[in-house]
Structures are given as structure tokens and as C-alpha cells.
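Below is the file query_5.cif, which contains mmCIF, C-alpha atoms and all ligand atoms.
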data_target
#
loop_
_atom_site.label_atom_id
_atom_site.label_comp_id
_atom_site.auth_asym_id
_atom_site.auth_seq_id
_atom_site.Cartn_x
_atom_site.Cartn_y
_atom_site.Cartn_z
CA MET A 1 65.68 174.77 67.83
CA ALA A 2 63.59 171.80 68.80
CA MET A 3 60.12 173.20 68.19
CA ILE A 4 57.46 170.73 69.16
CA LYS A 5 54.08 170.54 67.52
CA PHE A 6 52.02 168.18 69.59
CA LEU A 7 49.27 167.56 67.14
CA THR A 8 46.47 166.81 69.55
CA ASP A 9 47.59 169.16 72.29
CA GLU A 10 44.09 170.44 73.13
CA ASP A 11 43.28 167.01 74.54
CA PHE A 12 45.94 167.24 77.19
CA ALA A 13 46.33 169.35 80.27
CA ILE A 14 49.93 170.21 81.03
CA ASP A 15 51.48 170.04 84.42
CA ILE A 16 54.46 172.22 83.69
CA GLY A 17 54.77 173.25 87.35
CA ALA A 18 55.77 169.70 88.33
CA ALA A 19 58.30 169.55 85.50
CA LYS A 20 59.87 172.79 86.69
CA ARG A 21 60.20 171.37 90.19
CA MET A 22 61.85 168.24 88.75
CA LEU A 23 64.24 170.42 86.76
CA ALA A 24 65.23 172.28 89.93
CA GLU A 25 65.95 168.92 91.61
CA ILE A 26 67.99 167.72 88.63
CA LYS A 27 70.11 170.88 88.76
CA THR A 28 71.22 170.01 92.30
CA ASP A 29 71.67 166.27 91.69
CA PRO A 30 75.30 165.08 92.01
CA MET A 31 74.87 163.37 88.61
CA SER A 32 73.92 166.57 86.76
CA GLY A 33 77.35 167.36 85.26
CA TRP A 34 75.97 166.83 81.73
CA LEU A 35 73.81 169.96 82.13
CA ASN A 36 76.86 172.14 81.49
CA VAL A 37 79.32 169.55 80.26
CA TRP A 38 81.05 172.00 77.87
CA GLU A 39 82.61 173.66 80.91
CA THR A 40 84.54 170.50 81.84
CA VAL A 41 85.74 169.05 78.53
CA GLU A 42 89.43 169.12 77.71
CA SER A 43 89.04 170.32 74.11
CA ASP A 44 92.66 171.31 73.45
CA LYS A 45 94.01 168.05 74.83
CA ILE A 46 91.46 166.10 72.78
CA GLN A 47 92.36 167.95 69.57
CA SER A 48 96.05 167.26 70.06
CA TYR A 49 95.48 163.55 70.82
CA ALA A 50 93.20 163.33 67.77
CA LYS A 51 95.89 164.91 65.59
CA SER A 52 98.49 162.37 66.71
CA VAL A 53 96.09 159.46 66.03
CA GLN A 54 95.28 160.89 62.59
CA GLU A 55 99.01 161.16 61.84
CA ASN A 56 99.97 157.63 62.84
CA SER A 57 96.85 155.47 62.37
CA ASP A 58 94.56 154.29 59.60
CA PHE A 59 92.06 153.12 62.22
CA LEU A 60 91.03 154.07 65.74
CA VAL A 61 89.21 151.19 67.40
CA CYS A 62 86.88 152.47 70.13
CA ILE A 63 86.25 149.79 72.74
CA GLY A 64 83.13 150.38 74.82
CA ILE A 65 79.46 149.55 75.30
CA GLY A 66 76.23 151.34 76.25
CA GLY A 67 76.82 154.96 77.17
CA SER A 68 80.53 154.54 76.46
CA TYR A 69 79.76 153.67 72.83
CA LEU A 70 76.36 154.56 71.37
CA GLY A 71 76.52 158.36 71.44
CA HIS A 72 79.72 158.91 69.49
CA ARG A 73 78.82 156.16 67.04
CA ALA A 74 75.42 157.86 66.53
CA ILE A 75 77.10 161.15 65.61
CA ILE A 76 79.73 159.61 63.33
CA GLU A 77 77.08 157.53 61.50
CA ALA A 78 74.90 160.65 61.12
CA LEU A 79 77.59 163.03 59.84
CA GLY A 80 80.09 160.63 58.30
CA ASN A 81 83.72 159.91 59.13
CA LYS A 82 85.46 162.88 57.51
CA SER A 83 89.08 162.10 58.28
CA LYS A 84 91.37 159.54 56.62
CA THR A 85 91.53 157.73 59.99
CA LYS A 86 88.43 155.58 60.27
CA VAL A 87 86.77 154.93 63.61
CA LEU A 88 85.74 151.33 64.28
CA TYR A 89 83.90 149.86 67.27
CA ALA A 90 84.64 146.83 69.40
CA GLY A 91 83.60 145.55 72.81
CA ASN A 92 79.90 146.22 72.27
CA SER A 93 78.96 142.54 71.95
CA LEU A 94 80.42 139.11 72.71
CA SER A 95 80.43 138.03 69.07
CA ASP A 96 83.76 136.59 67.94
CA PHE A 97 82.55 137.00 64.35
CA GLU A 98 82.38 140.79 64.87
CA LEU A 99 85.72 141.00 66.65
CA ASN A 100 87.39 138.82 64.02
CA ASN A 101 86.13 141.24 61.36
CA ILE A 102 87.77 144.14 63.19
CA ILE A 103 91.00 142.18 63.59
CA SER A 104 91.17 141.30 59.88
CA THR A 105 90.43 144.92 58.96
CA ILE A 106 93.17 146.44 61.14
CA LYS A 107 95.93 143.87 61.44
CA ASN A 108 97.86 144.89 58.32
CA HIS A 109 97.36 148.60 58.96
CA ASP A 110 98.40 151.10 61.59
CA PHE A 111 95.88 151.45 64.37
CA SER A 112 95.27 152.97 67.80
CA LEU A 113 92.88 151.96 70.58
CA ASN A 114 90.56 154.13 72.65
CA VAL A 115 89.20 152.04 75.49
CA ILE A 116 86.26 153.81 77.09
CA SER A 117 84.68 152.58 80.32
CA LYS A 118 83.67 154.61 83.34
CA SER A 119 83.76 151.66 85.72
CA GLY A 120 86.62 149.92 83.94
CA THR A 121 85.04 146.59 84.86
CA THR A 122 82.43 146.10 82.12
CA PHE A 123 82.84 142.61 80.76
CA GLU A 124 82.39 143.11 77.00
CA PRO A 125 84.92 145.96 76.54
CA ALA A 126 87.35 144.39 79.04
CA ILE A 127 87.51 141.16 76.99
CA ALA A 128 87.83 143.02 73.68
CA PHE A 129 90.60 145.19 75.18
CA ARG A 130 92.57 142.11 76.22
CA ILE A 131 92.32 140.64 72.72
CA LEU A 132 93.18 143.86 70.87
CA LYS A 133 95.94 144.84 73.29
CA LYS A 134 97.56 141.45 72.67
CA LEU A 135 97.37 142.05 68.91
CA MET A 136 98.88 145.49 69.37
CA LEU A 137 101.73 144.28 71.57
CA GLU A 138 102.62 141.62 68.99
CA LYS A 139 102.59 144.20 66.21
CA TYR A 140 104.25 147.19 67.88
CA GLY A 141 105.96 146.03 71.11
CA PRO A 142 105.35 147.61 74.55
CA GLU A 143 106.68 151.14 74.03
CA GLU A 144 104.82 151.90 70.83
CA THR A 145 101.72 150.17 72.25
CA ALA A 146 101.78 152.56 75.20
CA ARG A 147 101.77 155.48 72.74
CA ARG A 148 98.82 154.03 70.81
CA ILE A 149 96.44 153.30 73.68
CA PHE A 150 94.07 156.04 74.90
CA VAL A 151 92.07 155.33 78.03
CA THR A 152 88.88 157.24 78.87
CA THR A 153 87.75 156.32 82.38
CA ASP A 154 86.91 157.48 85.90
CA SER A 155 89.22 160.20 87.21
CA SER A 156 90.53 158.19 90.16
CA SER A 157 89.11 154.71 90.59
CA GLY A 158 88.86 151.48 88.60
CA VAL A 159 91.24 149.00 87.00
CA LEU A 160 91.55 150.99 83.79
CA ARG A 161 92.80 154.07 85.62
CA LYS A 162 95.42 151.92 87.37
CA GLU A 163 96.32 150.19 84.10
CA ALA A 164 96.78 153.57 82.38
CA GLU A 165 99.03 154.83 85.16
CA ARG A 166 101.08 151.63 85.35
CA ASN A 167 101.76 151.50 81.59
CA GLY A 168 101.89 155.20 80.79
CA TYR A 169 98.84 155.21 78.52
CA THR A 170 97.38 158.57 77.57
CA SER A 171 94.21 159.09 79.54
CA LEU A 172 91.11 161.26 79.65
CA GLU A 173 88.76 161.63 82.59
CA ILE A 174 85.04 160.94 82.75
CA PRO A 175 83.65 163.40 85.31
CA ASP A 176 82.12 161.80 88.43
CA SER A 177 78.98 163.85 87.83
CA VAL A 178 78.30 162.44 84.35
CA GLY A 179 76.78 158.95 84.01
CA GLY A 180 77.33 156.69 80.98
CA ARG A 181 74.23 157.41 78.90
CA TYR A 182 74.51 161.17 79.51
CA SER A 183 78.20 161.25 78.60
CA VAL A 184 78.40 161.57 74.81
CA LEU A 185 79.32 165.27 74.94
CA SER A 186 82.05 164.66 77.56
CA ASN A 187 85.55 163.27 76.95
CA VAL A 188 83.80 159.92 76.31
CA GLY A 189 82.54 160.94 72.88
CA LEU A 190 84.81 163.79 71.95
CA LEU A 191 88.07 161.95 71.20
CA PRO A 192 86.51 159.52 68.66
CA LEU A 193 84.54 162.41 67.14
CA ALA A 194 87.63 164.59 66.77
CA VAL A 195 89.57 161.67 65.23
CA ALA A 196 86.69 161.26 62.73
CA GLY A 197 87.27 164.89 61.72
CA LEU A 198 84.05 166.27 63.20
CA ASN A 199 83.75 169.71 64.72
CA ILE A 200 83.46 169.11 68.46
CA LYS A 201 83.31 172.84 69.26
CA GLU A 202 80.15 173.19 67.13
CA LEU A 203 78.64 170.13 68.75
CA LEU A 204 79.17 171.59 72.22
CA GLU A 205 77.96 174.99 71.09
CA GLY A 206 74.72 173.39 69.84
CA ALA A 207 74.16 171.88 73.28
CA ARG A 208 75.03 175.12 75.06
CA VAL A 209 72.62 177.16 72.95
CA GLU A 210 69.89 174.56 73.50
CA SER A 211 70.48 174.82 77.26
CA GLU A 212 69.44 178.47 77.06
CA ASN A 213 65.99 177.25 76.01
CA ILE A 214 65.34 175.72 79.42
CA ASP A 215 64.48 178.88 81.26
CA ALA A 216 64.06 181.03 78.19
CA SER A 217 60.47 181.97 78.73
CA GLU A 218 57.66 181.82 81.19
CA ASP A 219 55.33 181.17 78.27
CA LEU A 220 55.02 177.41 78.43
CA SER A 221 52.08 176.96 76.07
CA VAL A 222 52.41 173.83 74.01
CA ASN A 223 53.46 175.06 70.59
CA LYS A 224 56.02 177.66 71.62
CA ASN A 225 59.71 177.10 71.10
CA SER A 226 60.76 177.82 74.66
CA ALA A 227 61.36 175.10 77.24
CA ALA A 228 60.39 172.50 74.65
CA ALA A 229 62.03 169.71 76.63
CA LEU A 230 59.80 170.42 79.62
CA ARG A 231 56.63 170.28 77.53
CA TYR A 232 57.75 167.12 75.77
CA ALA A 233 58.51 165.47 79.14
CA VAL A 234 55.16 166.50 80.57
CA ILE A 235 53.05 165.41 77.61
CA ARG A 236 54.77 162.02 77.18
CA THR A 237 54.29 161.38 80.90
CA ILE A 238 50.58 162.22 80.60
CA LEU A 239 50.40 159.90 77.59
CA ALA A 240 52.01 157.10 79.62
CA GLN A 241 49.40 157.59 82.33
CA ASN A 242 46.74 157.23 79.61
CA THR A 243 47.79 153.78 78.34
CA PHE A 244 50.31 155.05 75.77
CA ASP A 245 53.24 153.03 77.06
CA VAL A 246 55.31 152.70 73.87
CA GLU A 247 57.13 155.59 72.21
CA VAL A 248 58.50 155.24 68.70
CA LEU A 249 61.30 157.59 67.66
CA ALA A 250 60.79 158.01 63.92
CA THR A 251 63.04 159.44 61.25
CA PHE A 252 63.12 159.61 57.48
CA GLU A 253 66.92 159.78 57.61
CA PRO A 254 68.64 156.35 57.70
CA ARG A 255 71.85 158.03 58.87
CA LEU A 256 70.07 158.51 62.22
CA ARG A 257 69.67 154.76 62.83
CA TYR A 258 72.37 154.83 65.53
CA PHE A 259 70.95 158.03 66.94
CA THR A 260 67.77 156.06 67.60
CA GLU A 261 69.90 153.37 69.31
CA TRP A 262 71.47 156.03 71.55
CA TRP A 263 67.99 157.43 72.31
CA LYS A 264 66.61 153.97 73.16
CA GLN A 265 69.37 153.41 75.71
CA LEU A 266 68.95 156.89 77.18
CA PHE A 267 65.23 156.51 77.81
CA GLY A 268 65.19 152.75 78.44
CA GLU A 269 67.82 152.80 81.20
CA SER A 270 66.63 156.08 82.69
CA GLU A 271 62.91 155.29 82.91
CA GLY A 272 62.57 151.51 83.00
CA LYS A 273 62.57 150.71 86.70
CA ASN A 274 60.10 150.18 89.57
CA GLU A 275 57.73 148.73 86.94
CA GLN A 276 57.50 152.20 85.35
CA GLY A 277 58.62 153.59 82.03
CA ILE A 278 57.64 154.07 78.42
CA PHE A 279 59.10 151.36 76.17
CA PRO A 280 61.43 153.12 73.69
CA ALA A 281 61.31 151.80 70.12
CA ALA A 282 62.40 153.27 66.81
CA THR A 283 61.55 153.28 63.12
CA VAL A 284 63.53 154.40 60.09
CA TYR A 285 61.23 155.47 57.26
CA SER A 286 60.35 155.00 54.56
CA THR A 287 61.93 151.51 54.94
CA ASP A 288 59.84 150.67 58.00
CA LEU A 289 56.61 151.92 56.45
CA HIS A 290 56.85 148.65 54.52
CA SER A 291 57.33 146.56 57.65
CA LEU A 292 55.97 148.24 60.79
CA GLY A 293 53.79 150.81 59.00
CA GLN A 294 50.74 148.55 59.04
CA TYR A 295 50.99 148.00 62.80
CA LEU A 296 51.45 151.67 63.50
CA GLN A 297 48.48 152.64 61.34
CA GLU A 298 46.00 150.04 62.57
CA GLY A 299 47.45 147.94 65.42
CA ARG A 300 47.05 148.36 69.20
CA ARG A 301 46.54 152.01 70.13
CA ASN A 302 49.18 152.21 72.86
CA ILE A 303 51.90 153.90 70.77
CA PHE A 304 52.87 157.52 70.40
CA GLU A 305 55.46 158.73 67.96
CA THR A 306 58.20 161.34 68.02
CA PHE A 307 59.51 162.42 64.62
CA ILE A 308 62.92 163.99 64.21
CA CYS A 309 62.49 166.35 61.24
CA PHE A 310 64.95 168.58 59.42
CA ASP A 311 64.13 171.88 57.74
CA LYS A 312 67.00 171.46 55.29
CA ASN A 313 68.45 168.12 54.29
CA SER A 314 69.47 167.62 50.70
CA GLY A 315 71.99 165.38 49.01
CA GLY A 316 71.28 166.99 45.61
CA LEU A 317 69.69 164.05 43.77
CA SER A 318 66.60 164.62 41.66
CA VAL A 319 64.33 162.51 39.44
CA PRO A 320 65.77 162.45 35.89
CA GLU A 321 63.87 163.11 32.66
CA PHE A 322 62.95 160.47 30.08
CA SER A 323 61.27 161.02 26.74
CA ASP A 324 58.47 158.57 27.54
CA ASP A 325 56.41 158.09 30.71
CA PHE A 326 57.30 154.38 31.06
CA ASP A 327 56.65 154.26 34.81
CA GLY A 328 53.90 156.88 35.11
CA LEU A 329 56.22 159.15 37.15
CA LYS A 330 56.80 161.92 34.59
CA TYR A 331 55.11 164.41 36.93
CA LEU A 332 58.06 163.95 39.31
CA GLU A 333 60.78 164.85 36.78
CA GLY A 334 63.18 167.48 38.09
CA ARG A 335 61.93 167.20 41.66
CA SER A 336 64.52 166.54 44.35
CA LEU A 337 64.62 163.35 46.41
CA SER A 338 64.68 165.50 49.55
CA GLU A 339 61.41 167.20 48.51
CA ILE A 340 59.81 163.80 47.86
CA SER A 341 61.06 162.52 51.22
CA LYS A 342 59.65 165.61 53.00
CA LYS A 343 56.26 165.00 51.38
CA ALA A 344 56.41 161.36 52.52
CA GLU A 345 57.18 162.58 56.05
CA THR A 346 54.20 164.98 56.07
CA ALA A 347 51.94 162.28 54.58
CA THR A 348 53.04 159.74 57.22
CA ILE A 349 52.52 162.15 60.12
CA GLU A 350 49.02 162.96 58.81
CA ALA A 351 48.19 159.28 58.27
CA HIS A 352 49.35 158.30 61.76
CA ARG A 353 47.53 161.22 63.30
CA SER A 354 44.34 160.18 61.54
CA GLY A 355 44.97 156.68 62.92
CA ALA A 356 44.85 158.17 66.45
CA ILE A 357 48.59 158.11 67.13
CA PRO A 358 49.70 161.17 69.12
CA VAL A 359 52.64 162.64 67.20
CA PHE A 360 55.40 164.99 68.33
CA GLU A 361 57.67 166.72 65.85
CA VAL A 362 61.15 167.68 67.03
CA VAL A 363 62.46 169.98 64.32
CA ALA A 364 66.13 170.76 63.67
CA PRO A 365 67.34 173.20 61.02
CA ASP A 366 69.75 170.75 59.40
CA LEU A 367 71.85 167.65 59.99
CA SER A 368 75.04 169.21 61.38
CA GLU A 369 77.24 169.09 64.48
CA LYS A 370 75.41 172.06 65.98
CA SER A 371 71.95 170.55 65.43
CA LEU A 372 72.98 167.17 66.78
CA GLY A 373 74.46 168.82 69.89
CA ALA A 374 71.14 170.56 70.44
CA LEU A 375 69.10 167.39 69.83
CA ILE A 376 71.25 165.41 72.27
CA TYR A 377 70.87 168.04 74.96
CA PHE A 378 67.13 168.32 74.31
CA PHE A 379 66.55 164.56 74.68
CA GLU A 380 68.86 164.21 77.72
CA LEU A 381 67.01 166.94 79.55
CA ALA A 382 63.56 165.69 78.55
CA CYS A 383 64.54 162.18 79.59
CA ALA A 384 65.78 163.17 83.04
CA ILE A 385 62.63 165.24 83.69
CA SER A 386 60.34 162.47 82.37
CA ALA A 387 61.95 159.86 84.61
CA LYS A 388 61.55 162.07 87.64
CA LEU A 389 57.92 162.83 86.74
CA GLN A 390 57.39 159.06 86.73
CA GLY A 391 58.98 158.83 90.18
CA VAL A 392 62.19 157.02 89.23
CA ASN A 393 65.89 157.94 89.41
CA PRO A 394 67.06 158.92 85.89
CA PHE A 395 70.71 158.28 86.69
CA ASP A 396 70.96 154.70 87.94
CA GLN A 397 70.49 151.29 86.25
CA PRO A 398 70.32 148.66 88.99
CA GLY A 399 68.60 146.14 86.71
CA VAL A 400 71.59 145.89 84.37
CA GLU A 401 73.55 144.07 87.08
CA ARG A 402 71.30 140.97 87.16
CA TYR A 403 72.56 139.33 83.97
CA LYS A 404 76.14 140.20 84.90
CA GLU A 405 75.81 138.43 88.27
CA ASN A 406 74.33 135.35 86.58
CA MET A 407 77.03 135.34 83.92
CA SER A 408 79.83 135.73 86.39
CA TYR A 409 78.37 132.87 88.50
CA LEU A 410 78.11 130.59 85.45
CA LEU A 411 81.61 131.39 84.21
CA LYS A 412 83.24 130.90 87.59
CA LYS A 413 81.30 127.67 88.18
CA SER A 414 82.44 126.17 84.91
O1 LIG A 501 74.42 154.51 81.19
C1 LIG A 501 75.20 153.75 81.75
O2 LIG A 501 75.76 154.06 82.82
C2 LIG A 501 75.55 152.40 81.17
O3 LIG A 501 74.86 152.14 80.00
C3 LIG A 501 77.04 152.31 80.89
O4 LIG A 501 77.41 153.32 79.99
C4 LIG A 501 77.44 150.95 80.31
O5 LIG A 501 76.96 149.92 81.14
C5 LIG A 501 78.95 150.86 80.19
O6 LIG A 501 79.56 151.08 81.44
P1 LIG A 501 81.09 151.47 81.58
O7 LIG A 501 81.31 152.77 80.92
O8 LIG A 501 81.32 151.53 83.06
O9 LIG A 501 81.86 150.36 80.91
#
The structure given in the file should be rewritten as C-alpha cells.
Ligand code: PA5
Amino acid sequence: MAMIKFLTDEDFAIDIGAAKRMLAEIKTDPMSGWLNVWETVESDKIQSYAKSVQENSDFLVCIGIGGSYLGHRAIIEALGNKSKTKVLYAGNSLSDFELNNIISTIKNHDFSLNVISKSGTTFEPAIAFRILKKLMLEKYGPEETARRIFVTTDSSSGVLRKEAERNGYTSLEIPDSVGGRYSVLSNVGLLPLAVAGLNIKELLEGARVESENIDASEDLSVNKNSAAALRYAVIRTILAQNTFDVEVLATFEPRLRYFTEWWKQLFGESEGKNEQGIFPAATVYSTDLHSLGQYLQEGRRNIFETFICFDKNSGGLSVPEFSDDFDGLKYLEGRSLSEISKKAETATIEAHRSGAIPVFEVVAPDLSEKSLGALIYFFELACAISAKLQGVNPFDQPGVERYKENMSYLLKKS
């Protein structure tokens, strides 16, 4: 999977040797559990918990933020919620409008909660959990509430772990060696995904197969399919050193909007420190061709673009026939929307390339669990290597604390 065509590759020398050294360091890092996460997940437990939620709930409300939220939402938005139990999301903002919407949706139905937080102390999910737990206690009483709350948190420390033990909530562990934004394929993402009726085994298999690409070949020339993540990491780092400090993740598939949100967090929190980093942005085409397209084509030349493309992606719609040519589009009759979209994708890549935007293409065979597992693994690996090539730690996020300290000071003061 994940073949990269870097369209102006002759212009760039590639320091793959450095990337390989970074990869070796990542493999021995205590936070590298995501590299082989499929070996630690509790699939059977997850499937049985998911079955019980599907049997007794119309809704599962997942409470979490950042890495405890974006990844599983990205996959569910991309593939659809296939079970009769719908997954909803809370605790990812401080908006009472949003939380009130969730409350009005669930209050006259059966629901369960999955509170997901590695630290257990993150403000937004902690507040939402208080509010929704109160609602649940009023509706079901303490015993039934205990059966309907699923806690995904650190294996031993934190208030959520204690809370789960004290009240007998069902719990899943987040491995110590897997940080938030690298955790979607761990227990963090798998319970909501299984409740949504998605195939978590295929997802993990996609990641596992993609992992075989890392050392697959010594041939590291740019347009080969082996070790694609290393080449991507190297070239984007070289671009950053050459004034290209903004990367736009582009897709012609609106269902990937949340995937781009997950990707932004992954790269933003991993690279953006010590005054380093490539600013991660995203576009969803063709919508954004009519908003940001002008800037991309002719604005400041500091942007490079990474397209996620699919070989096969069809919903079956085609342009219908009419007896007259009232809109001048008769030549399109019978042609599928997916073919037209693919042509728009090729046309956009060519236009941006001619406008001097370096363009990567990350190509997946289709939009499925297996492909998304591979894409997630590909970007996680490329991100960790890129961060290390830029001299920063891919696995911490010290800057996130600053607003929390200010907020806590202001709240305590008042
Ligand atoms: O990548 C990270 O570690 C962060 O984005 C966290 O996922 C986010 O801050 C939420 O933290 P927690 O899971 O501890 O509530």
C-alpha cells in the first residue's frame, strides 16, 4: 500500500540513512508500543463488551479529547456506523450547546458511556463525565449505571482507574508505551469501533501488513513502494528546511474530514515544539477548491500538499440521460461520479504541481478497515521519524499544559 509519487523528486536529495537511524531509535523508545500494538489489544474482551453494549443501548457516548477521541471518530466517520447502536462523542469541547444536544438525543433512550482518558485528569472529558454520569444515575440507579460505564485508562494510575475499581466499572487498559495520539489502534479506539459494527481485526491486520513495509527493501529510491514512510518523512523534512513550512493533507473524499483532524493532531503535537515543525492543515475537495483553491494555486509558495487517493471508491451514482442538452453536459451522460471525481483529483494535482506546489500522493486500494489501518500506521511512523529528523521528541506535548495551568489558576481564583 501507500505508494508515494513525489512529483518533483529529482530536485531533492534524500537522506534515508538518517531516517533509518531515527527508526532504530524509535524502536527502542519506551513510547513505541504503537509499532506493534496488535500484539497487546484485548480483542476478545472488546468484542464481548461491544456485544453487550449493542444489546442494551441505542447509543454509546464516547467521552474523550485529542488522542482519546479523534482517531476512532475518524474511522467511524470514514466507514459509517454500521450497527444499530450509534456512537456519539462528548467531552471534546467546553460547549454546553454541544453537550445539551447529546443529552437531548440520549435521555429518552438506552445508552452506555465509554470514558476514555489516559491521564484521567483531562478537564473537558472529566466535566462531561460528571454531567453524563449524573444523568445516568438518575435514569438507571447505581447498579445498572455500573454495568453501563466502560472506562479506558492507564493500567494502574489516575483517578479514573481508581473510580473504575471503586464502583466496579468495566475497564480497559491503555498501555504505558502508547501515547494519546498514537493510540487509535489500541483499546482506546477499538471498543467504540467494535460497537459501531466495524471490523477491528481487519483494521489491525492493515496496520500489521503496513508494518512489514518498513524494512521490506533496501531499495529506497523515491518512487518504490517499500519503506514509503521513511521517504515521505525525509522529503517533507527537506521541504521544511527549504521554506515549505505548511503541509496540507488533501482529499476528494468528505468522509475523511475527521481523518484529516486526526492527522493534524498527530503531526501538530508531535512536531510543533522547540520552534520547529511543519504546520499541518487540511483541505476537503472539491469543496475547498472553491474556497482555498485560489490561495493554493497562486498564494505564498510555502505549502506542500499530500493527497490521500483511492484506487477504487464508488458509491454507484452516474450522470443521468436527458433528451436535450439543457446544461451542455450531455457528454457526461452515463459516466460515474467516482470517475468524474478521479479526473478532478488528477486535474487538481496537475494544476497545483504546475503552480510549484510539491505534491505527494499516498495511494490506498479502497476505503476499508484494512486500508485505514495501513494509512494510520503509515502516518504514525512517518510522523515519528519526521519529528526526530527535526530534532524534537515525537511523543511528548509540553506546550499543551500552558493553557491548562492558566485555566486552573483562573477558575480557582474566581
Ligand atoms: O496525544 C496526546 O497525548 C494528547 O493529545 C492526549 O490524547 C489528550 O490531551 C487527552 O489526554 P488524556 O487521554 O490523558 O485525557
Top pick for closest residue to Val246 in chain A, considering A:Gly206, A:Gly180, A:Pro192, A:Gly272 and counting all atoms listed in the file: A:Gly272
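Using only C-alpha atoms for every distance, the candidate list A:Ile127, A:Leu185, A:Val284, A:Leu94 yields A:Leu185 as the residue closest to Glu42 in chain A.
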Report as AutoDock Vina command-line options the centre and the edge lengths, in Å to one decimal, of the axis-aligned box holding every listed atom of ligand LIG 501 (chain A), padded by 8 Å on each side.
--center_x 78.1 --center_y 152.2 --center_z 81.5 --size_x 23.4 --size_y 20.6 --size_z 19.1
Between CA of Ser186 in chain A and CA of Asp154 in chain A, distance in Å (one decimal): 12.0 Å
Selection within 6 Å of ligand LIG 501 (chain A) by only C-alpha atoms and all ligand atoms, output as an NGL selection string: :A and (65-68 or 117-120 or 122 or 179-181)
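CA of Pro280 in chain A lies 10.5 Å from CA of Thr306 in chain A.
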Pick out the closest residue to Ala126 in chain A from this set: A:Ser177, A:Asp327, A:Gly64, A:Leu332. Count all atoms listed in the file. A:Gly64
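The space between CA of Gly299 in chain A and CA of Gly355 in chain A spans 9.4 Å.
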Could you list, as a PDB file with C-alpha atoms, in the coordinates of the input, every residue within 12 Å of range 396-407 of chain A, counting only C-alpha atoms and ignoring same-chain residues fewer than 5 positions away?
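Produced file result.pdb, reproduced below:
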ATOM      1  CA  PRO A  30      75.300 165.080  92.010  1.00  0.00           C
ATOM      2  CA  MET A  31      74.870 163.370  88.610  1.00  0.00           C
ATOM      3  CA  GLY A  66      76.230 151.340  76.250  1.00  0.00           C
ATOM      4  CA  GLY A  67      76.820 154.960  77.170  1.00  0.00           C
ATOM      5  CA  THR A 121      85.040 146.590  84.860  1.00  0.00           C
ATOM      6  CA  THR A 122      82.430 146.100  82.120  1.00  0.00           C
ATOM      7  CA  PHE A 123      82.840 142.610  80.760  1.00  0.00           C
ATOM      8  CA  GLU A 124      82.390 143.110  77.000  1.00  0.00           C
ATOM      9  CA  VAL A 178      78.300 162.440  84.350  1.00  0.00           C
ATOM     10  CA  GLY A 179      76.780 158.950  84.010  1.00  0.00           C
ATOM     11  CA  GLY A 180      77.330 156.690  80.980  1.00  0.00           C
ATOM     12  CA  ARG A 181      74.230 157.410  78.900  1.00  0.00           C
ATOM     13  CA  TYR A 182      74.510 161.170  79.510  1.00  0.00           C
ATOM     14  CA  GLN A 265      69.370 153.410  75.710  1.00  0.00           C
ATOM     15  CA  LEU A 266      68.950 156.890  77.180  1.00  0.00           C
ATOM     16  CA  PHE A 267      65.230 156.510  77.810  1.00  0.00           C
ATOM     17  CA  GLY A 268      65.190 152.750  78.440  1.00  0.00           C
ATOM     18  CA  GLU A 269      67.820 152.800  81.200  1.00  0.00           C
ATOM     19  CA  SER A 270      66.630 156.080  82.690  1.00  0.00           C
ATOM     20  CA  GLU A 271      62.910 155.290  82.910  1.00  0.00           C
ATOM     21  CA  GLY A 272      62.570 151.510  83.000  1.00  0.00           C
ATOM     22  CA  LYS A 273      62.570 150.710  86.700  1.00  0.00           C
ATOM     23  CA  ASN A 274      60.100 150.180  89.570  1.00  0.00           C
ATOM     24  CA  GLU A 275      57.730 148.730  86.940  1.00  0.00           C
ATOM     25  CA  ALA A 384      65.780 163.170  83.040  1.00  0.00           C
ATOM     26  CA  ALA A 387      61.950 159.860  84.610  1.00  0.00           C
ATOM     27  CA  LYS A 388      61.550 162.070  87.640  1.00  0.00           C
ATOM     28  CA  LYS A 412      83.240 130.900  87.590  1.00  0.00           C
ATOM     29  CA  LYS A 413      81.300 127.670  88.180  1.00  0.00           C
ATOM     30  CA  SER A 414      82.440 126.170  84.910  1.00  0.00           C
TER      31      SER A 414
END
Who sits within 10 Å of Asn199 in chain A, all atoms listed in the file, same chain under 3 positions skipped, as JSON, numbers by chain: {"A": [190, 193, 194, 195, 196, 202, 203, 204, 368, 369, 370]}
Residue contacts of range 345-352 of chain A (10 Å, all atoms listed in the file) excluding same-chain residues fewer than 5 positions away, as a list in words: Leu7, Ala250, Thr251, Phe252, Tyr285, Ser286, Leu289, Gly293, Leu296, Gln297, Glu298, Phe304, Glu305, Thr306, Phe307, Cys309, Glu339, Ile340, Ile357, Pro358, Val359, Phe360 and Glu361 of chain A
